[in-house]
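Asker: Quick one: structure below, then a few questions.
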Amino acid sequence: MTEILKGNLVHTPSFGRLETLPGGFLLLEDGVVRGLYRSLPREYAACPVTDWGEALILPSFADMHLHAPQYPMLGMGMDLPLLDWLNAYTFRTEARFTDAAYARRVYRQLAEDLISSGTTRVAMFSSCHTDATLILMEELERAGVTGYVGRVNMDRNSGAVQEETEASLSETRRWLDACRFPHVRPILTPRFTPSCTDELMAALGELARERDLPVQSHLSENSGEIAWVRELHPDCGQYWETYAKYGLWKPGTLMAHCVHSDSRERQAMADAGVWAVHCAASNVNLCSGTAPVRRLLDQGVQVALGSDIAGGDLLAMNKAVVMAIRASKLRQMETGEPFLTVPEAFYLGSAAGCRYCGGGAGFETGYPLHAIVVDDAAMPEPARSLELAERFERAVYLMDKRHIRAVYSEGRRVLG
Ligand SMILES: [Zn+2]
């Protein structure tokens, strides 16, 4: 079916490049983008048009690192450093997810909040509970969220949610066999090196190879964590090598944070095709430091953004984009590294994750549409009429759920 969306189109077709089409037309065939036009070609004159009037049509967001079972502890324990925060809040909260009814309630809310905030792509950590993980995937699928979910593996140093090694592996296989969701796919998820024995890491590396699965985990977030990893793996020169040793460091591996990744670690990421997921709000909340995003990009590392719920407290990814800009400005003041511009950070928070999931950058032809319709008329009245690029910038900074009138995910209208 051919369908046309009309409105003020703004997208970032490549890193740092902003394209605006005031009153433009977006042509869809069965939800797949077939072209952007400033005026509608005559051959499509008879096609149905959804006219969004003066609203902005932007690519939707991709949240490439968040912990679903931590949604109930949003905004809690924010005065603690990472390892204390994990022990005092996180593991206890995650332990609640043995209860399927509780999981259903929390995950339905989370999935709905993601869509109404304009996020249609995710790479998400669940907990170590197989049934709750399947419930999470089902709820994301129902709401229209696409991407990856991982059942977390953790067989040491994990408090109330620690697993036995054998059970961790057999439950992971049970989970993988039960994953049959069209838009939400499994990703192997060793929580991080300190919470996985060598035996578990080796078996997960084998499983990744055997079933050709992607991997996500954490890397070099905090100095206490890095020192701990060094004690646990005295044979590894750097943190990343603890993943590489077991076959978990490969193209498409997502590593959250990379705050303290030096030039050698960054080069290892670029060489292997490992992605960095930058979570600026969490970097600041947990006093981890601010990730060297510009240096990662300059060294050829693929970077996407994450909310890192609940180390981060902002689920709405436009806020995560703004936090990434702020964090980069703090870094510029300290180190002179150029900050992220609005189009650059927006690309990292939308197109980058969309590409990771097999989609296109912005409204790229040939890929299913992922978009939000933003009504900025309810924002404070500007002193003069604004260019479309200015309205885009203002929307990135100011929009919230109230302004998002419709959401398209994988070519389907899932809200509005
Ligand atoms: Zn995390």
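Please note that chains go A, B, ... in the order of the structure tokens, that every chain numbers its residues from 1, and that ligands are numbered from 1 in the order shown.
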Could you list, as a PyMOL selection string, every residue within 6 Å of Ala371 in chain A, counting only C-alpha atoms and ignoring same-chain residues fewer than 2 positions away?

Answerer: chain A and resi 58-60+407-408

Asker: Take the residues from that selection and write them out as a PDB file, in the first residue's frame, keeping N, CA and C atoms.

Answerer:
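Okay, this is what ended up in again31.pdb:
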ATOM      1  N   LEU A  58      10.082  13.858  12.625  1.00  0.00           N
ATOM      2  CA  LEU A  58      11.502  13.573  12.887  1.00  0.00           C
ATOM      3  C   LEU A  58      11.701  12.064  13.003  1.00  0.00           C
ATOM      4  N   PRO A  59      12.919  11.566  12.808  1.00  0.00           N
ATOM      5  CA  PRO A  59      13.183  10.161  13.108  1.00  0.00           C
ATOM      6  C   PRO A  59      12.957   9.910  14.596  1.00  0.00           C
ATOM      7  N   SER A  60      12.478   8.716  14.934  1.00  0.00           N
ATOM      8  CA  SER A  60      12.287   8.379  16.344  1.00  0.00           C
ATOM      9  C   SER A  60      13.643   8.039  16.971  1.00  0.00           C
ATOM     10  N   VAL A 407       3.566   8.201  16.624  1.00  0.00           N
ATOM     11  CA  VAL A 407       4.838   7.471  16.548  1.00  0.00           C
ATOM     12  C   VAL A 407       4.691   6.364  15.505  1.00  0.00           C
ATOM     13  N   TYR A 408       5.689   6.279  14.621  1.00  0.00           N
ATOM     14  CA  TYR A 408       5.755   5.187  13.640  1.00  0.00           C
ATOM     15  C   TYR A 408       6.946   4.307  13.993  1.00  0.00           C
TER      16      TYR A 408
END

Asker: Residues contacting ligand 1 - anything with an atom at most 7 Å away, using only C-alpha atoms and all ligand atoms - can you give me those as a list in words?

Answerer: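 Those within range of ligand 1 are His65, Leu66, His67, His218, Ala256 and Asp308 of chain A.
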
Asker: Determine the nearest neighbour of Leu36 in chain A from the options A:Ile309, A:Ile4, A:Met255, A:Ala327, counting only C-alpha atoms.

Answerer: A:Ile4

Asker: Between CA of Ser409 in chain A and CA of Tyr37 in chain A, what distance in Å does the model show, to one decimal?

Answerer: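 Taking CA of Ser409 in chain A and CA of Tyr37 in chain A, their separation equals 21.0 Å.
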
Asker: Would you please work out which residue, of A:Ala160, A:Ile404, A:Ile226, A:Leu398, is nearest to Asp113 in chain A when using only C-alpha atoms?

Answerer: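 Answer, going by the shortest atom-to-atom distance: A:Ile404.
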
Asker: Interatomic distance between CA of Leu9 in chain A and CA of Ser328 in chain A?

Answerer: 27.1 Å

Asker: Using only C-alpha atoms, find the one residue out of A:Gly23, A:Pro251, A:Gly150, A:Gly362 that sits nearest to Ser217 in chain A.

Answerer: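 Of the candidates, the smallest distance to Ser217 in chain A is held by A:Gly150.
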
Asker: Just how far from CA of Leu305 in chain A is CA of Gly349 in chain A, in Å to one decimal?

Answerer: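 Interatomic distance here is 5.1 Å.
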
Asker: Residues of range 296-384 of chain A that approach range 122-131 of chain A to 12 Å or less, counting only C-alpha atoms: could you list each one with the shortest pair of atoms and its distance in Å to one decimal, rows by chain and increasing residue number, as JSON lines?

Answerer:
{"residue": "A:Ala304", "atom": "CA", "partner": "A:Ala123", "partner_atom": "CA", "distance": 10.5}
{"residue": "A:Leu305", "atom": "CA", "partner": "A:Val122", "partner_atom": "CA", "distance": 10.1}
{"residue": "A:Gly306", "atom": "CA", "partner": "A:Ala123", "partner_atom": "CA", "distance": 8.6}
{"residue": "A:Ser307", "atom": "CA", "partner": "A:Val122", "partner_atom": "CA", "distance": 10.0}
{"residue": "A:Asp308", "atom": "CA", "partner": "A:Met124", "partner_atom": "CA", "distance": 9.1}
{"residue": "A:Ile309", "atom": "CA", "partner": "A:Met124", "partner_atom": "CA", "distance": 9.6}
{"residue": "A:Ala310", "atom": "CA", "partner": "A:Phe125", "partner_atom": "CA", "distance": 11.2}
{"residue": "A:Leu315", "atom": "CA", "partner": "A:Val122", "partner_atom": "CA", "distance": 11.6}
{"residue": "A:Met317", "atom": "CA", "partner": "A:Val122", "partner_atom": "CA", "distance": 10.8}
{"residue": "A:Gly349", "atom": "CA", "partner": "A:Val122", "partner_atom": "CA", "distance": 10.8}
{"residue": "A:Ser350", "atom": "CA", "partner": "A:Val122", "partner_atom": "CA", "distance": 10.4}
{"residue": "A:Ala352", "atom": "CA", "partner": "A:Val122", "partner_atom": "CA", "distance": 11.4}
{"residue": "A:Gly353", "atom": "CA", "partner": "A:Val122", "partner_atom": "CA", "distance": 7.7}
{"residue": "A:Cys354", "atom": "CA", "partner": "A:Val122", "partner_atom": "CA", "distance": 8.8}
{"residue": "A:Arg355", "atom": "CA", "partner": "A:Val122", "partner_atom": "CA", "distance": 11.6}
{"residue": "A:Tyr356", "atom": "CA", "partner": "A:Ala123", "partner_atom": "CA", "distance": 9.6}
{"residue": "A:Cys357", "atom": "CA", "partner": "A:Val122", "partner_atom": "CA", "distance": 8.6}

Asker: Those same residues, written as an mmCIF file, in the first residue's frame with N, CA and C atoms?

Answerer:
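Wrote result.cif, looks like this:
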data_model
loop_
_atom_site.group_PDB
_atom_site.id
_atom_site.type_symbol
_atom_site.label_atom_id
_atom_site.label_comp_id
_atom_site.auth_asym_id
_atom_site.auth_seq_id
_atom_site.Cartn_x
_atom_site.Cartn_y
_atom_site.Cartn_z
ATOM 1 N N ALA A 304 26.568 4.935 19.848
ATOM 2 C CA ALA A 304 25.133 5.206 19.967
ATOM 3 C C ALA A 304 24.890 5.723 21.383
ATOM 4 N N LEU A 305 23.657 6.141 21.661
ATOM 5 C CA LEU A 305 23.350 6.674 22.991
ATOM 6 C C LEU A 305 22.392 5.755 23.743
ATOM 7 N N GLY A 306 22.481 5.818 25.080
ATOM 8 C CA GLY A 306 21.558 5.064 25.917
ATOM 9 C C GLY A 306 21.095 5.903 27.094
ATOM 10 N N SER A 307 19.925 5.548 27.621
ATOM 11 C CA SER A 307 19.431 6.249 28.815
ATOM 12 C C SER A 307 20.073 5.662 30.070
ATOM 13 N N ASP A 308 20.535 4.407 29.983
ATOM 14 C CA ASP A 308 21.018 3.653 31.136
ATOM 15 C C ASP A 308 20.087 3.755 32.339
ATOM 16 N N ILE A 309 18.784 3.638 32.107
ATOM 17 C CA ILE A 309 17.857 3.472 33.229
ATOM 18 C C ILE A 309 18.358 2.306 34.052
ATOM 19 N N ALA A 310 18.585 2.377 35.390
ATOM 20 C CA ALA A 310 18.242 3.499 36.220
ATOM 21 C C ALA A 310 19.479 4.227 36.763
ATOM 22 N N LEU A 315 14.264 8.737 30.855
ATOM 23 C CA LEU A 315 13.850 7.739 29.861
ATOM 24 C C LEU A 315 13.710 8.365 28.475
ATOM 25 N N MET A 317 14.533 9.986 25.277
ATOM 26 C CA MET A 317 15.850 10.052 24.643
ATOM 27 C C MET A 317 16.221 11.439 24.128
ATOM 28 N N GLY A 349 21.637 9.621 18.843
ATOM 29 C CA GLY A 349 20.488 9.156 19.623
ATOM 30 C C GLY A 349 19.363 8.574 18.784
ATOM 31 N N SER A 350 19.483 8.657 17.471
ATOM 32 C CA SER A 350 18.418 8.111 16.605
ATOM 33 C C SER A 350 19.012 7.202 15.530
ATOM 34 N N ALA A 352 22.036 6.235 14.684
ATOM 35 C CA ALA A 352 23.095 5.262 15.001
ATOM 36 C C ALA A 352 22.497 3.951 15.493
ATOM 37 N N GLY A 353 21.586 4.040 16.467
ATOM 38 C CA GLY A 353 20.964 2.829 17.000
ATOM 39 C C GLY A 353 20.062 2.154 15.980
ATOM 40 N N CYS A 354 19.416 2.969 15.157
ATOM 41 C CA CYS A 354 18.549 2.427 14.113
ATOM 42 C C CYS A 354 19.391 1.601 13.138
ATOM 43 N N ARG A 355 20.560 2.114 12.788
ATOM 44 C CA ARG A 355 21.463 1.375 11.891
ATOM 45 C C ARG A 355 21.945 0.097 12.558
ATOM 46 N N TYR A 356 22.240 0.172 13.850
ATOM 47 C CA TYR A 356 22.678 -1.042 14.561
ATOM 48 C C TYR A 356 21.629 -2.148 14.407
ATOM 49 N N CYS A 357 20.358 -1.740 14.469
ATOM 50 C CA CYS A 357 19.254 -2.708 14.402
ATOM 51 C C CYS A 357 18.905 -3.092 12.968
#

Asker: Using only C-alpha atoms, find each residue of range 253-297 of chain A with at least one atom at most 12 Å away from an atom of range 340-343 of chain A; report its shortest atom-to-atom pair and that distance in Å (one decimal), sort the rows by chain and rising residue number, and return the result as a tab-separated table.

Answerer:
residue	atom	partner	partner_atom	distance
A:Pro292	CA	A:Leu340	CA	11.0
A:Val293	CA	A:Leu340	CA	8.5
A:Arg294	CA	A:Leu340	CA	7.6
A:Arg295	CA	A:Leu340	CA	11.3
A:Leu297	CA	A:Leu340	CA	10.7

Asker: Given the selection you just returned, output its residues as a file containing C-alpha atoms, formatted as a short mmCIF file (atom, residue, chain, number, x, y, z; two decimals), in the first residue's frame.

Answerer:
data_model
loop_
_atom_site.label_atom_id
_atom_site.label_comp_id
_atom_site.auth_asym_id
_atom_site.auth_seq_id
_atom_site.Cartn_x
_atom_site.Cartn_y
_atom_site.Cartn_z
CA PRO A 292 35.37 10.66 25.53
CA VAL A 293 32.79 10.56 22.76
CA ARG A 294 34.66 12.78 20.34
CA ARG A 295 37.80 10.69 20.73
CA LEU A 297 34.34 8.86 17.02
#

Asker: Could you list, as JSON, numbers by chain, every residue within 7 Å of range 270-285 of chain A, counting only C-alpha atoms and ignoring same-chain residues fewer than 4 positions away?

Answerer: {"A": [64, 65, 78, 249, 250, 251, 252, 253, 254, 255, 256, 257, 258, 266, 289, 290, 291, 299, 300, 301, 302, 303, 304, 305, 306, 307, 308, 311, 312, 313, 320, 323, 324, 327]}
